[in-house]
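Have a look at the structure below, then the notes.
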Amino acid sequence: MTYSIVARDPATGQLGVGAQTHFFGVGTLLPWAEAGVGAVATQAFVNVDFGPRGLELLRAGVPAPSTVDLLVAEDPDSGYRQLGVVDARGSVGMHTGESCAPQAASARGHQVAVQGNMLATPGVCQAALSAFESTGGELADRLLAGLQAAEGAGGDVRGSQSAALLVVSGRRGPASWNEVVTDLRVDDHPDPLAELSRLLPRSRAFGAVGGVMFTRGLTLGPFEGVGPDELDEHLRALASAAEVIGPDNREADFWRAVLLARAGRHREAADLFAEVVAFRPALLRFARGLAPLGFLDGEALAAITVHVGERA
């Protein structure tokens with residue numbers, strides 16, 4: 001099953017995997033990546049063990065080509081497998097077994113490998129590679145462009161059902177889970193790549209929201225240690241996030257109003273709260289519930305309540 005791309009971004013060190021297939025939940029099987037270590041795509045008559053075992057070898061300093069050789073040597077059914085690996089230095093390893101279902105193909109570029117089987121045409125992998133290499137932007141955007149080009153060249157002969165996009169940073173440290181840049185899965189959809197394209201900007205937008213909601217000093221605990229430039233940067237990010245998320249979800253606006261209130265900009269906060277509460281009245285009760293938890297002080301809450309009442 002499947003076509004996929006594994007790649008490293010030479011500019012940022014980010015590592016990533018993108019894939020699409022006519023099979024349910026490809027994101028649970030194929031893509032594996034660890035920040036500052038490497039990325040693995042395991043597919044065809046898939047051996048999922050190649051994912052964690054491949055990362056274990058890469059973590060130990062085994063280069064991607066040797067990692068592939070070791071994985072293949074350990075598997076008596078390697079003839080049915082297909083595998084792409086990239087390490088933190090950009091070395092690439094690939095394997096397509098002699099018993100992979102046709103069409104099986106692969107393509108290699110600078111710090112990128114594309115592999116596919118059960119393909120509609122033999123040019124699918126080269127189309128993906130060409131699009132990946134000619135597209136600008138972040139690694140996730142380039143991976144998605146490659147997948148879209150692969151689909152345009154015929155894709156999986158059986159059609160499409162699921163897709164996944166996984167990108168991690170190039171920083172290796174004790175908390176690798178904090179270095180996940182993008183982790184999107186579309187498990188069952190008539191056009192999974194279109195859904196990935198919709199989700200990617202929303203994922204980034206909600207990342208900006210989470211960057212405020214979950215950060216001590218901005219939202220958690222006392223409002224302190226936040227300079228005017230940092231404050232304005234977060235407020236701009238939340239405003240941009242609200243535009244991406246759209247008018248039917250006011251999450252970004254709600255937390256922008258909270259941040260304005262915590263910064264003492266009560267009138268601006270009250271104006272924005274009034275808009276949010278007009279969209280969903282229950283959010284005023286929610287804001288009141290946050291006040292005794294330390295998110296809003298009494299002065300801010302009073303200003304919000306009065307202004308919302310005036311606008312009602």
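Order determines the names: the first chain of the structure tokens is A, the second B, and so forth; residues in each chain are numbered 1 upward, and ligands are numbered 1 upward as they are shown.
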
Can you tell me which residues surround Leu272 of chain A at a distance of at most 8 Å, considering only C-alpha atoms, apart from same-chain residues fewer than 2 positions away, and format the answer as a list in words? Asp253, Phe254, Ala257, Glu268, Ala269, Ala270, Ala274, Glu275 and Val276 of chain A

Can I get the selected residues back with C-alpha atoms, as a CSV table (one decimal), in the first residue's frame?
chain,number,residue,atom,x,y,z
A,253,ASP,CA,-10.6,35.7,20.2
A,254,PHE,CA,-11.6,34.6,23.7
A,257,ALA,CA,-9.5,39.1,25.2
A,268,GLU,CA,-10.0,46.6,24.4
A,269,ALA,CA,-10.7,43.4,26.2
A,270,ALA,CA,-14.3,44.4,27.0
A,274,ALA,CA,-18.7,41.6,23.9
A,275,GLU,CA,-18.2,40.3,20.3
A,276,VAL,CA,-17.4,36.8,21.6

Run DSSP on the backbone and grab whatever in segment 205-247 of chain A lands in alpha helix (DSSP H); send it over as a list in words.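 Alpha helix (DSSP H) members of segment 205-247 of chain A, listed: Ala205, Phe206, Gly207, Ala208, Val209, Gly210, Gly211, Val212, Met213, Pro228, Asp229, Glu230, Leu231, Asp232, Glu233, His234, Leu235, Arg236, Ala237, Leu238, Ala239, Ser240, Ala241, Ala242, Glu243, Val244 and Ile245 of chain A.
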
DSSP on the backbone, strand (DSSP E) only: what residues of segment 38-221 of chain A does that give? Format it as a ChimeraX atom specification. /A:38-44,81-87,92-96,105-109,112-116,162-168,180-186

One decimal place gives the atom CA of Asp87 of chain A-atom CA of Phe50 of chain A separation as 14.3 Å

Set the distance at 8 Å and use only C-alpha atoms: which residues neighbour Gly79 of chain A once local chain neighbours fewer than 6 positions away are removed? I'd like the list as a list in words.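 Using only C-alpha atoms, the neighbours found are Thr96, Gly97, Glu98, Ser99 and Cys100 of chain A.
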
Put those residues in a file: C-alpha atoms, as a compact mmCIF listing (two decimals), in the first residue's frame.
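The resulting again_8.txt:
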# COMPACT_ATOMS: atom_id res chain seq x y z
CA THR A 96 11.97 -1.76 -2.06
CA GLY A 97 11.59 -5.51 -1.77
CA GLU A 98 11.49 -7.68 -4.85
CA SER A 99 7.96 -8.86 -3.93
CA CYS A 100 6.38 -5.43 -3.46

Mind checking which residues fall within 7 Å of segment 81-86 of chain A, counting only C-alpha atoms, ignoring those fewer than 6 positions away in the same chain, and posting them as a PyMOL selection string? chain A and resi 6-8+38-46+64+92-97+100+111+113+115

Restrict the selected residues to C-alpha atoms and save them as a PDB file, in the first residue's frame.
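Now in result.pdb:
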ATOM      1  CA  VAL A   6      10.676  11.197   4.222  1.00  0.00           C
ATOM      2  CA  ALA A   7      12.844  14.304   4.305  1.00  0.00           C
ATOM      3  CA  ARG A   8      15.087  16.636   6.253  1.00  0.00           C
ATOM      4  CA  GLY A  38      15.524  10.922  12.073  1.00  0.00           C
ATOM      5  CA  ALA A  39      12.366   9.892  10.251  1.00  0.00           C
ATOM      6  CA  VAL A  40      11.126   6.543   8.996  1.00  0.00           C
ATOM      7  CA  ALA A  41       8.388   5.539   6.543  1.00  0.00           C
ATOM      8  CA  THR A  42       7.531   1.828   6.727  1.00  0.00           C
ATOM      9  CA  GLN A  43       5.015   0.532   4.188  1.00  0.00           C
ATOM     10  CA  ALA A  44       3.917  -2.053   1.597  1.00  0.00           C
ATOM     11  CA  PHE A  45       2.993  -5.249   3.505  1.00  0.00           C
ATOM     12  CA  VAL A  46       4.011  -3.134   6.423  1.00  0.00           C
ATOM     13  CA  ALA A  64      20.212   5.971   7.540  1.00  0.00           C
ATOM     14  CA  VAL A  92      18.973   8.759   3.105  1.00  0.00           C
ATOM     15  CA  GLY A  93      18.341   5.019   3.070  1.00  0.00           C
ATOM     16  CA  MET A  94      15.763   3.199   0.922  1.00  0.00           C
ATOM     17  CA  HIS A  95      14.509  -0.324   0.335  1.00  0.00           C
ATOM     18  CA  THR A  96      11.968  -1.761  -2.062  1.00  0.00           C
ATOM     19  CA  GLY A  97      11.595  -5.511  -1.773  1.00  0.00           C
ATOM     20  CA  CYS A 100       6.378  -5.427  -3.456  1.00  0.00           C
ATOM     21  CA  GLN A 111      17.979  14.724   1.950  1.00  0.00           C
ATOM     22  CA  ALA A 113      13.351   9.880  -0.321  1.00  0.00           C
ATOM     23  CA  GLN A 115       8.675   5.486  -2.141  1.00  0.00           C
TER      24      GLN A 115
END

Find the distance between atom CA of Ala164 of chain A and atom CA of Val186 of chain A and write it in Å to one decimal.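 Result for atom CA of Ala164 of chain A versus atom CA of Val186 of chain A: 6.2 Å, one decimal.
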
Given only C-alpha atoms as the counted atoms, nearest of A:Val167, A:Ala242, A:Leu144, A:Leu301 to Glu195 of chain A: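 For Glu195 of chain A, the nearest of the candidates is A:Leu144.
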
Can you list, as a tab-separated table (two decimals) with C-alpha atoms, in the first residue's frame, every protein, DNA or RNA residue that comes within 6 Å of segment 103-105 of chain A when you count only C-alpha atoms, leaving out same-chain residues fewer than 6 positions away?
chain	number	residue	atom	x	y	z
A	115	GLN	CA	8.68	5.49	-2.14
A	116	GLY	CA	5.44	3.94	-3.34
A	117	ASN	CA	3.76	0.68	-4.22
A	118	MET	CA	0.36	-0.31	-5.63
A	119	LEU	CA	0.75	2.84	-7.72

So that I can check the surroundings of Arg171 of chain A, please list as a PyMOL selection string every protein, DNA and RNA residue that reaches within 8 Å of it, counting only C-alpha atoms and ignoring chain neighbours fewer than 6 positions away. chain A and resi 13+35-36+179

Polymer residues at most 10 Å from Asp141 of chain A, only C-alpha atoms, same-chain spacing of 6 or more positions, as JSON, numbers by chain: {"A": [132, 135, 147, 165, 197, 200, 201]}

Nearest-residue call for Leu166 of chain A, choices A:Leu15, A:Leu283, A:Ala278, A:Ala241, using only C-alpha atoms: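 Of A:Leu15, A:Leu283, A:Ala278, A:Ala241, the one nearest Leu166 of chain A is A:Leu15, counting only C-alpha atoms.
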
Could you check the closest approach to Phe24 of chain A for each of A:Arg142, A:Arg256, A:Arg185, A:Arg53 and tell me which residue wins, using only C-alpha atoms?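 Once distances to Phe24 of chain A are computed over only C-alpha atoms, the minimum belongs to A:Arg185.
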
Just give me the gap between atom CA of His266 of chain A and atom CA of Thr305 of chain A in Å, one decimal is fine.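 Atom-to-atom, atom CA of His266 of chain A and atom CA of Thr305 of chain A are spaced 10.9 Å apart.
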